[in-house]
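Pasted below: model_20.txt, compact mmCIF, C-alpha atoms and all ligand atoms.
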```txt
# COMPACT_ATOMS: atom_id res chain seq x y z
CA MET A 1 58.71 43.64 -9.93
CA ASN A 2 59.74 40.01 -9.36
CA ILE A 3 62.49 38.59 -11.54
CA ILE A 4 64.58 35.45 -11.94
CA LEU A 5 68.27 35.54 -12.85
CA LEU A 6 68.94 32.28 -14.63
CA GLY A 7 72.33 30.98 -15.69
CA PRO A 8 75.06 28.40 -15.06
CA PRO A 9 77.44 28.54 -12.06
CA GLY A 10 79.63 31.61 -12.36
CA ALA A 11 77.44 33.37 -14.93
CA GLY A 12 77.26 36.50 -12.75
CA LYS A 13 73.86 36.06 -11.08
CA GLY A 14 75.14 37.02 -7.63
CA THR A 15 77.17 39.96 -8.96
CA GLN A 16 74.19 41.43 -10.81
CA SER A 17 71.76 40.70 -7.95
CA ARG A 18 73.83 42.66 -5.46
CA ARG A 19 73.81 45.66 -7.78
CA LEU A 20 70.04 45.47 -8.28
CA VAL A 21 69.54 45.36 -4.51
CA GLU A 22 71.71 48.47 -4.16
CA GLU A 23 70.25 50.44 -7.04
CA ARG A 24 66.61 49.34 -7.18
CA GLY A 25 65.86 48.36 -3.58
CA MET A 26 64.97 44.82 -4.60
CA VAL A 27 65.39 41.86 -2.24
CA GLN A 28 67.79 39.10 -3.32
CA LEU A 29 66.69 35.55 -2.59
CA SER A 30 69.68 33.31 -3.23
CA THR A 31 69.01 29.70 -2.30
CA GLY A 32 72.79 29.09 -2.48
CA ASP A 33 73.40 31.78 0.17
CA MET A 34 70.54 30.45 2.33
CA LEU A 35 71.96 26.93 2.19
CA ARG A 36 75.47 28.19 3.01
CA GLU A 37 74.04 30.10 5.99
CA ALA A 38 72.36 26.91 7.18
CA ARG A 39 75.70 25.11 6.91
CA ALA A 40 77.56 27.80 8.79
CA SER A 41 74.97 27.72 11.60
CA GLY A 42 75.60 23.99 12.08
CA SER A 43 71.84 23.27 11.96
CA GLU A 44 70.48 19.84 11.08
CA LEU A 45 69.47 21.17 7.66
CA GLY A 46 73.00 22.52 7.15
CA ARG A 47 74.56 19.16 7.96
CA LYS A 48 72.13 17.43 5.61
CA VAL A 49 72.98 19.62 2.61
CA ALA A 50 76.73 20.10 3.09
CA GLU A 51 77.89 16.98 1.29
CA VAL A 52 75.40 17.42 -1.54
CA MET A 53 76.59 20.98 -2.18
CA ASP A 54 80.28 20.09 -2.04
CA ARG A 55 79.72 17.38 -4.65
CA GLY A 56 77.99 19.91 -6.90
CA ASP A 57 74.64 18.11 -6.84
CA LEU A 58 71.29 19.79 -6.37
CA VAL A 59 69.67 19.85 -2.94
CA THR A 60 66.17 18.31 -2.92
CA ASP A 61 63.27 20.42 -4.17
CA ASP A 62 61.30 20.29 -0.91
CA ILE A 63 64.18 21.82 1.07
CA VAL A 64 64.76 24.80 -1.23
CA ILE A 65 61.05 25.40 -1.82
CA GLY A 66 60.58 25.51 1.97
CA LEU A 67 63.38 28.09 2.30
CA ILE A 68 61.89 30.30 -0.41
CA GLU A 69 58.38 30.03 1.02
CA GLU A 70 59.58 31.40 4.38
CA LYS A 71 61.27 34.41 2.72
CA LEU A 72 58.37 35.21 0.42
CA LYS A 73 56.09 35.60 3.42
CA GLU A 74 58.31 38.48 4.61
CA GLY A 75 57.42 40.47 1.46
CA ALA A 76 59.56 42.94 -0.52
CA GLU A 77 58.45 46.41 -1.54
CA GLY A 78 60.94 46.67 -4.41
CA GLY A 79 60.26 43.10 -5.54
CA PHE A 80 62.26 39.88 -5.37
CA ILE A 81 65.28 38.76 -7.36
CA PHE A 82 65.37 34.96 -7.44
CA ASP A 83 69.07 34.08 -7.75
CA GLY A 84 69.76 30.38 -8.30
CA PHE A 85 66.10 29.47 -7.83
CA PRO A 86 64.21 27.81 -9.46
CA ARG A 87 66.61 25.15 -10.72
CA THR A 88 64.13 22.42 -11.71
CA LEU A 89 60.71 22.39 -13.33
CA ALA A 90 59.19 21.28 -10.01
CA GLN A 91 60.72 24.35 -8.33
CA ALA A 92 59.42 26.59 -11.13
CA ASP A 93 55.88 25.26 -10.67
CA ALA A 94 56.15 25.69 -6.91
CA LEU A 95 57.30 29.30 -7.34
CA ASP A 96 54.32 30.03 -9.57
CA ALA A 97 51.96 28.59 -6.98
CA LEU A 98 53.63 30.44 -4.06
CA LEU A 99 53.53 33.79 -5.85
CA GLY A 100 49.92 33.16 -6.92
CA ARG A 101 48.91 32.51 -3.30
CA LEU A 102 50.40 35.88 -2.35
CA GLY A 103 48.60 37.64 -5.21
CA GLN A 104 51.92 38.24 -6.99
CA LYS A 105 53.48 37.19 -10.26
CA LEU A 106 56.77 36.83 -12.03
CA ASP A 107 57.58 39.76 -14.34
CA ALA A 108 60.74 38.68 -16.14
CA VAL A 109 63.32 35.91 -16.39
CA ILE A 110 66.79 37.03 -17.41
CA GLU A 111 69.10 34.36 -18.75
CA LEU A 112 72.81 35.15 -18.53
CA GLY A 113 74.62 33.21 -21.26
CA VAL A 114 78.32 32.45 -20.64
CA ASP A 115 80.69 29.94 -22.34
CA ASP A 116 81.82 26.96 -20.23
CA GLU A 117 85.49 27.95 -20.53
CA ALA A 118 84.81 31.41 -19.15
CA LEU A 119 82.81 29.86 -16.29
CA VAL A 120 85.82 27.81 -15.22
CA GLU A 121 87.96 30.97 -15.23
CA ARG A 122 85.41 32.91 -13.22
CA ILE A 123 84.79 30.22 -10.63
CA SER A 124 88.46 29.44 -10.06
CA GLY A 125 89.28 33.10 -9.40
CA ARG A 126 86.27 34.00 -7.27
CA TYR A 127 86.45 35.10 -3.64
CA THR A 128 84.00 37.00 -1.44
CA CYS A 129 84.19 39.30 1.54
CA ALA A 130 83.36 37.24 4.63
CA ASP A 131 81.72 40.26 6.26
CA CYS A 132 79.46 41.76 3.56
CA GLY A 133 79.49 39.10 0.81
CA GLU A 134 80.86 41.38 -1.94
CA VAL A 135 82.05 39.24 -4.87
CA TYR A 136 85.59 39.63 -6.27
CA HIS A 137 87.85 37.89 -8.77
CA ASP A 138 91.63 37.42 -8.65
CA THR A 139 92.20 39.00 -12.06
CA THR A 140 89.01 40.62 -13.38
CA ARG A 141 87.85 42.24 -10.16
CA PRO A 142 90.41 42.33 -7.36
CA THR A 143 89.92 44.58 -4.31
CA ARG A 144 91.29 48.10 -4.93
CA GLU A 145 93.54 47.80 -1.88
CA GLU A 146 95.00 44.35 -1.43
CA GLY A 147 93.25 42.39 1.33
CA VAL A 148 90.66 45.10 2.08
CA CYS A 149 87.03 44.95 0.93
CA ASP A 150 86.10 47.96 -1.25
CA VAL A 151 82.59 48.02 0.20
CA CYS A 152 82.88 47.47 3.97
CA GLY A 153 86.61 47.61 4.70
CA GLY A 154 86.55 44.00 5.95
CA THR A 155 89.78 42.03 5.80
CA ASN A 156 88.44 38.45 5.84
CA PHE A 157 87.76 36.73 2.56
CA ARG A 158 86.34 33.32 1.63
CA ARG A 159 86.59 30.85 -1.19
CA ARG A 160 83.78 28.35 -1.60
CA ALA A 161 84.34 24.63 -0.98
CA ASP A 162 82.47 23.80 -4.21
CA ASP A 163 84.59 26.17 -6.35
CA ASN A 164 86.96 23.44 -7.53
CA PRO A 165 87.21 21.83 -10.99
CA GLU A 166 85.53 18.56 -9.98
CA SER A 167 82.47 20.09 -8.29
CA LEU A 168 82.20 22.65 -11.04
CA ARG A 169 81.98 19.90 -13.66
CA GLN A 170 79.13 18.34 -11.70
CA ARG A 171 77.40 21.71 -11.15
CA LEU A 172 77.54 22.36 -14.89
CA MET A 173 76.13 18.91 -15.60
CA GLU A 174 73.27 19.52 -13.18
CA TYR A 175 72.64 22.87 -14.83
CA TYR A 176 72.39 21.46 -18.33
CA LYS A 177 70.34 18.43 -17.27
CA LYS A 178 67.90 19.95 -14.78
CA THR A 179 67.95 23.74 -15.00
CA SER A 180 68.40 24.59 -18.68
CA PRO A 181 64.91 23.17 -19.54
CA LEU A 182 63.61 26.23 -17.67
CA ILE A 183 64.80 28.39 -20.57
CA GLY A 184 62.15 26.82 -22.84
CA TYR A 185 59.60 26.84 -20.03
CA TYR A 186 59.88 30.59 -19.47
CA HIS A 187 60.21 31.32 -23.17
CA ALA A 188 56.83 29.61 -23.66
CA LYS A 189 55.39 31.83 -20.91
CA GLY A 190 56.66 34.95 -22.72
CA LEU A 191 58.89 35.92 -19.79
CA LEU A 192 62.38 35.09 -21.09
CA HIS A 193 65.02 37.73 -21.91
CA ARG A 194 68.49 36.69 -22.98
CA VAL A 195 71.57 38.69 -22.03
CA ASP A 196 75.13 38.12 -23.26
CA GLY A 197 76.86 37.40 -19.95
CA MET A 198 80.29 37.29 -21.64
CA LYS A 199 80.38 41.09 -21.71
CA PRO A 200 81.99 43.10 -18.91
CA VAL A 201 79.96 43.47 -15.69
CA GLU A 202 78.92 47.09 -16.45
CA GLU A 203 77.64 46.20 -19.94
CA VAL A 204 75.67 43.23 -18.60
CA ALA A 205 74.22 45.56 -15.94
CA ALA A 206 73.20 48.14 -18.54
CA GLU A 207 71.43 45.50 -20.62
CA ILE A 208 69.56 44.18 -17.57
CA ASP A 209 68.52 47.75 -16.68
CA ARG A 210 67.23 48.30 -20.20
CA ILE A 211 65.13 45.12 -20.01
CA LEU A 212 63.74 45.91 -16.55
CA ASP A 213 62.80 49.46 -17.58
CA GLU A 214 61.04 48.11 -20.66
CA VAL A 215 59.15 45.49 -18.60
CA ALA A 216 58.16 48.14 -16.03
CA GLN A 217 56.67 50.30 -18.79
CA GLY A 218 54.57 47.33 -19.90
P1 LIG A 301 74.70 28.82 -5.86
O1 LIG A 301 75.31 29.51 -4.71
O2 LIG A 301 73.41 29.30 -6.41
O3 LIG A 301 75.80 28.73 -6.99
P2 LIG A 301 75.75 28.75 -8.60
O4 LIG A 301 74.43 28.74 -9.24
O5 LIG A 301 76.65 27.64 -8.94
O6 LIG A 301 76.18 30.13 -8.95
P3 LIG A 301 77.40 30.89 -8.42
O7 LIG A 301 77.09 31.57 -7.11
O8 LIG A 301 78.59 29.95 -8.40
O9 LIG A 301 77.68 31.93 -9.59
P4 LIG A 301 77.00 33.32 -9.97
O10 LIG A 301 76.24 33.16 -11.22
O11 LIG A 301 76.28 33.92 -8.79
O12 LIG A 301 78.31 34.13 -10.31
P5 LIG A 301 79.05 35.33 -9.51
O13 LIG A 301 78.25 36.58 -9.62
O14 LIG A 301 79.46 34.89 -8.14
O15 LIG A 301 74.49 27.26 -5.51
C1 LIG A 301 75.48 26.50 -4.86
C2 LIG A 301 74.94 25.10 -4.56
O16 LIG A 301 73.80 25.19 -3.68
C3 LIG A 301 74.41 24.31 -5.77
O17 LIG A 301 75.43 23.63 -6.45
C4 LIG A 301 73.41 23.34 -5.08
O18 LIG A 301 74.07 22.28 -4.44
C5 LIG A 301 72.79 24.22 -4.00
N1 LIG A 301 71.59 24.96 -4.49
C6 LIG A 301 71.45 26.31 -4.58
N2 LIG A 301 70.22 26.64 -5.04
C7 LIG A 301 69.56 25.46 -5.26
C8 LIG A 301 68.27 25.13 -5.76
N3 LIG A 301 67.40 26.10 -6.12
N4 LIG A 301 67.94 23.81 -5.86
C9 LIG A 301 68.80 22.83 -5.49
N5 LIG A 301 70.04 23.09 -5.01
C10 LIG A 301 70.43 24.38 -4.89
O19 LIG A 301 80.34 35.50 -10.44
C11 LIG A 301 81.35 34.52 -10.50
C12 LIG A 301 82.74 35.19 -10.68
O20 LIG A 301 82.78 35.80 -11.97
C13 LIG A 301 83.05 36.31 -9.67
O21 LIG A 301 84.41 36.24 -9.30
C14 LIG A 301 82.75 37.61 -10.42
O22 LIG A 301 83.58 38.68 -9.99
C15 LIG A 301 83.04 37.22 -11.87
N6 LIG A 301 82.15 37.87 -12.84
C16 LIG A 301 80.80 38.09 -12.73
N7 LIG A 301 80.31 38.69 -13.84
C17 LIG A 301 81.38 38.84 -14.68
C18 LIG A 301 81.51 39.40 -16.00
N8 LIG A 301 80.46 39.91 -16.68
N9 LIG A 301 82.75 39.39 -16.58
C19 LIG A 301 83.83 38.87 -15.91
N10 LIG A 301 83.76 38.35 -14.65
C20 LIG A 301 82.54 38.32 -14.05
```
Would you mind writing the structure in this file as structure tokens?
Amino acid sequence: MNIILLGPPGAGKGTQSRRLVEERGMVQLSTGDMLREARASGSELGRKVAEVMDRGDLVTDDIVIGLIEEKLKEGAEGGFIFDGFPRTLAQADALDALLGRLGQKLDAVIELGVDDEALVERISGRYTCADCGEVYHDTTRPTREEGVCDVCGGTNFRRRADDNPESLRQRLMEYYKKTSPLIGYYHAKGLLHRVDGMKPVEEVAAEIDRILDEVAQG
């Protein structure tokens, strides 16, 4: 089953994707993570996108479509979770075409709805394990033992350069201008499912599971 998790910055796409990978053996394709990896590697692509990302703007369609195309070729038995992709109508069309070429299709699009105020709270408190990428929050989901990752025992944590009020404002603007039209696009295709992302992580997870089980049963 191939699914998209759609939602504004901080909606919980990454948090829910990691759980689906763990529990359903799906493969997470996060264009944000891929771009951050490119930056960390110091590649030409990484240098090209760094400033754009820090400002909170979208990277050009051809770059992210190219990244996704490479990963799709590798295949995924449990299906793909597209996290943060597509973000424009051009990317959505490209995804359709890429999946079609591989004889695959999209099965569901899950939109996580979260209020802007809550997004600011979530983004300003977020940190991740530098070793395994587990996502935490200063108040709502701190590590059980201070300074030690619950999952891998790592002791290095990161905060993202674009997790500041200014970039977040721009990321939200980009979301409403360029990405939110995808809600109507996928609704028209009969693929859209809406989930209340304001609920606690476990409740959001349960709702996503219910939807995926229903979709799997046809
Ligand atoms: P990307 O990395 O995709 O960032 P984003 O979309 O802004 O989303 P986030 O990763 O910030 O949030 P999330 O929804 O994953 O939330 P999380 O689970 O971490 O993109 C970054 C940049 O890369 C873009 O700005 C752009 O420049 C570029 N880019 C990426 N893809 C692109 C594309 N396709 N095209 C063009 N450019 C692209 O949760 C956030 C926090 O909230 C955590 O602390 C978590 O613990 C907490 N939390 C999660 N769920 C809950 C809950 N239910 N209740 C309370 N707290 C919760």
Exercise: residues within 12 Å of coordinate (56.9, 27.6, -9.9), counting all atoms listed in the file, as a VMD selection string: chain A and resid 4 61 65 68 to 69 82 85 to 101 105 to 106 182 185 to 186 189
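Of the residues under consideration (A:Gly32, A:Gly190, A:Gly154, A:Gly25), A:Gly32 shows the shortest atom-to-atom contact distance to ligand LIG 301 (chain A) when counting all atoms listed in the file.
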Using only C-alpha atoms, which residues of segment 88-186 of chain A come within 9 Å of segment 204-217 of chain A, and what is the closest atom pair for each, with the distance in Å to one decimal? Give it as a tab-separated table, sorted by chain and residue number.
```
residue	atom	partner	partner_atom	distance
A:Asp107	CA	A:Val215	CA	7.3
A:Ala108	CA	A:Val215	CA	7.4
A:Ile110	CA	A:Ile208	CA	7.7
A:Leu112	CA	A:Val204	CA	8.6
```
Selection near Gly56 of chain A, 9 Å with all atoms listed in the file, sequence-local residues under 2 positions removed, as an NGL selection string: :A and (51-54 or 58 or 162 or 166-174)
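With only C-alpha atoms as the basis for measurement, A:Val201 is the residue among A:Ala40, A:Ile81, A:Leu6, A:Val201 that approaches Thr140 of chain A most closely.
Among A:Cys152, A:Val109, A:Val135, A:Leu192, the residue with the shortest atom-to-atom distance to Arg19 of chain A, counting all atoms listed in the file, is A:Val135.
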Would you compute, for all listed atoms of ligand LIG 301 (chain A), the axis-aligned bounding box grown by 6 Å on each side, and then report its centre and edge lengths in Å rounded to one decimal, as JSON?
```
{"center_x": 75.9, "center_y": 31.1, "center_z": -10.2, "size_x": 29.0, "size_y": 29.6, "size_z": 25.0}
```
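We find atom C19 of ligand LIG 301 (chain A) and atom CA of Cys132 of chain A to be spaced 20.2 Å apart.
Among A:Asp131, A:Glu74, A:Asp57, A:Asp62, the residue with the shortest atom-to-atom distance to ligand LIG 301 (chain A), counting all atoms listed in the file, is A:Asp57.
Pairwise distance (atom P4 of ligand LIG 301 (chain A), atom CA of Lys73 of chain A) equals 24.9 Å.
One finds atom CA of Glu111 of chain A at 5.6 Å from atom CA of Gly7 of chain A.
Counting only C-alpha atoms, Thr143 of chain A has the following residues at most 12 Å away, ignoring those fewer than 6 positions along the same chain: Arg126, Tyr127, Thr128, Cys129, Glu134, Val135, Tyr136, His137, Cys149, Asp150, Val151, Cys152, Gly153, Gly154, Thr155, Asn156 and Phe157 of chain A.
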Any chance you can output those residues with C-alpha atoms as a PDB file, in the coordinates of the input?
```pdb
ATOM      1  CA  ARG A 126      86.270  34.000  -7.270  1.00  0.00           C
ATOM      2  CA  TYR A 127      86.450  35.100  -3.640  1.00  0.00           C
ATOM      3  CA  THR A 128      84.000  37.000  -1.440  1.00  0.00           C
ATOM      4  CA  CYS A 129      84.190  39.300   1.540  1.00  0.00           C
ATOM      5  CA  GLU A 134      80.860  41.380  -1.940  1.00  0.00           C
ATOM      6  CA  VAL A 135      82.050  39.240  -4.870  1.00  0.00           C
ATOM      7  CA  TYR A 136      85.590  39.630  -6.270  1.00  0.00           C
ATOM      8  CA  HIS A 137      87.850  37.890  -8.770  1.00  0.00           C
ATOM      9  CA  CYS A 149      87.030  44.950   0.930  1.00  0.00           C
ATOM     10  CA  ASP A 150      86.100  47.960  -1.250  1.00  0.00           C
ATOM     11  CA  VAL A 151      82.590  48.020   0.200  1.00  0.00           C
ATOM     12  CA  CYS A 152      82.880  47.470   3.970  1.00  0.00           C
ATOM     13  CA  GLY A 153      86.610  47.610   4.700  1.00  0.00           C
ATOM     14  CA  GLY A 154      86.550  44.000   5.950  1.00  0.00           C
ATOM     15  CA  THR A 155      89.780  42.030   5.800  1.00  0.00           C
ATOM     16  CA  ASN A 156      88.440  38.450   5.840  1.00  0.00           C
ATOM     17  CA  PHE A 157      87.760  36.730   2.560  1.00  0.00           C
TER      18      PHE A 157
END
```
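With distances restricted to only C-alpha atoms, A:Ala130 is the closest residue to Val148 of chain A from A:Ala76, A:Ala130, A:Val195, A:Leu5.
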Which of A:Arg122, A:Lys178, A:Arg158, A:His187 sits closest to ligand LIG 301 (chain A) [using only C-alpha atoms and all ligand atoms]: A:Arg122
Could you give me, as a compact mmCIF listing (two decimals) with C-alpha atoms, in the coordinates of the input, the residues within 9 Å of Gln28 of chain A, counting all atoms listed in the file and dropping anything in the same chain fewer than 5 positions from it?
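Listed below is the output, result-v4.txt:
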```txt
# COMPACT_ATOMS: atom_id res chain seq x y z
CA GLY A 14 75.14 37.02 -7.63
CA SER A 17 71.76 40.70 -7.95
CA ARG A 18 73.83 42.66 -5.46
CA LEU A 20 70.04 45.47 -8.28
CA VAL A 21 69.54 45.36 -4.51
CA GLY A 79 60.26 43.10 -5.54
CA PHE A 80 62.26 39.88 -5.37
CA ILE A 81 65.28 38.76 -7.36
CA PHE A 82 65.37 34.96 -7.44
CA ASP A 83 69.07 34.08 -7.75
```
Can you pull out the residues contacting Asp115 of chain A? Cut-off 9 Å, using all atoms listed in the file, and skip same-chain residues under 5 positions away; I want them as a PDB file with C-alpha atoms, in the frame of the given file.
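Writing done, so here's out-v3.pdb:
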```pdb
ATOM      1  CA  ALA A  11      77.440  33.370 -14.930  1.00  0.00           C
ATOM      2  CA  GLY A 197      76.860  37.400 -19.950  1.00  0.00           C
ATOM      3  CA  MET A 198      80.290  37.290 -21.640  1.00  0.00           C
TER       4      MET A 198
END
```
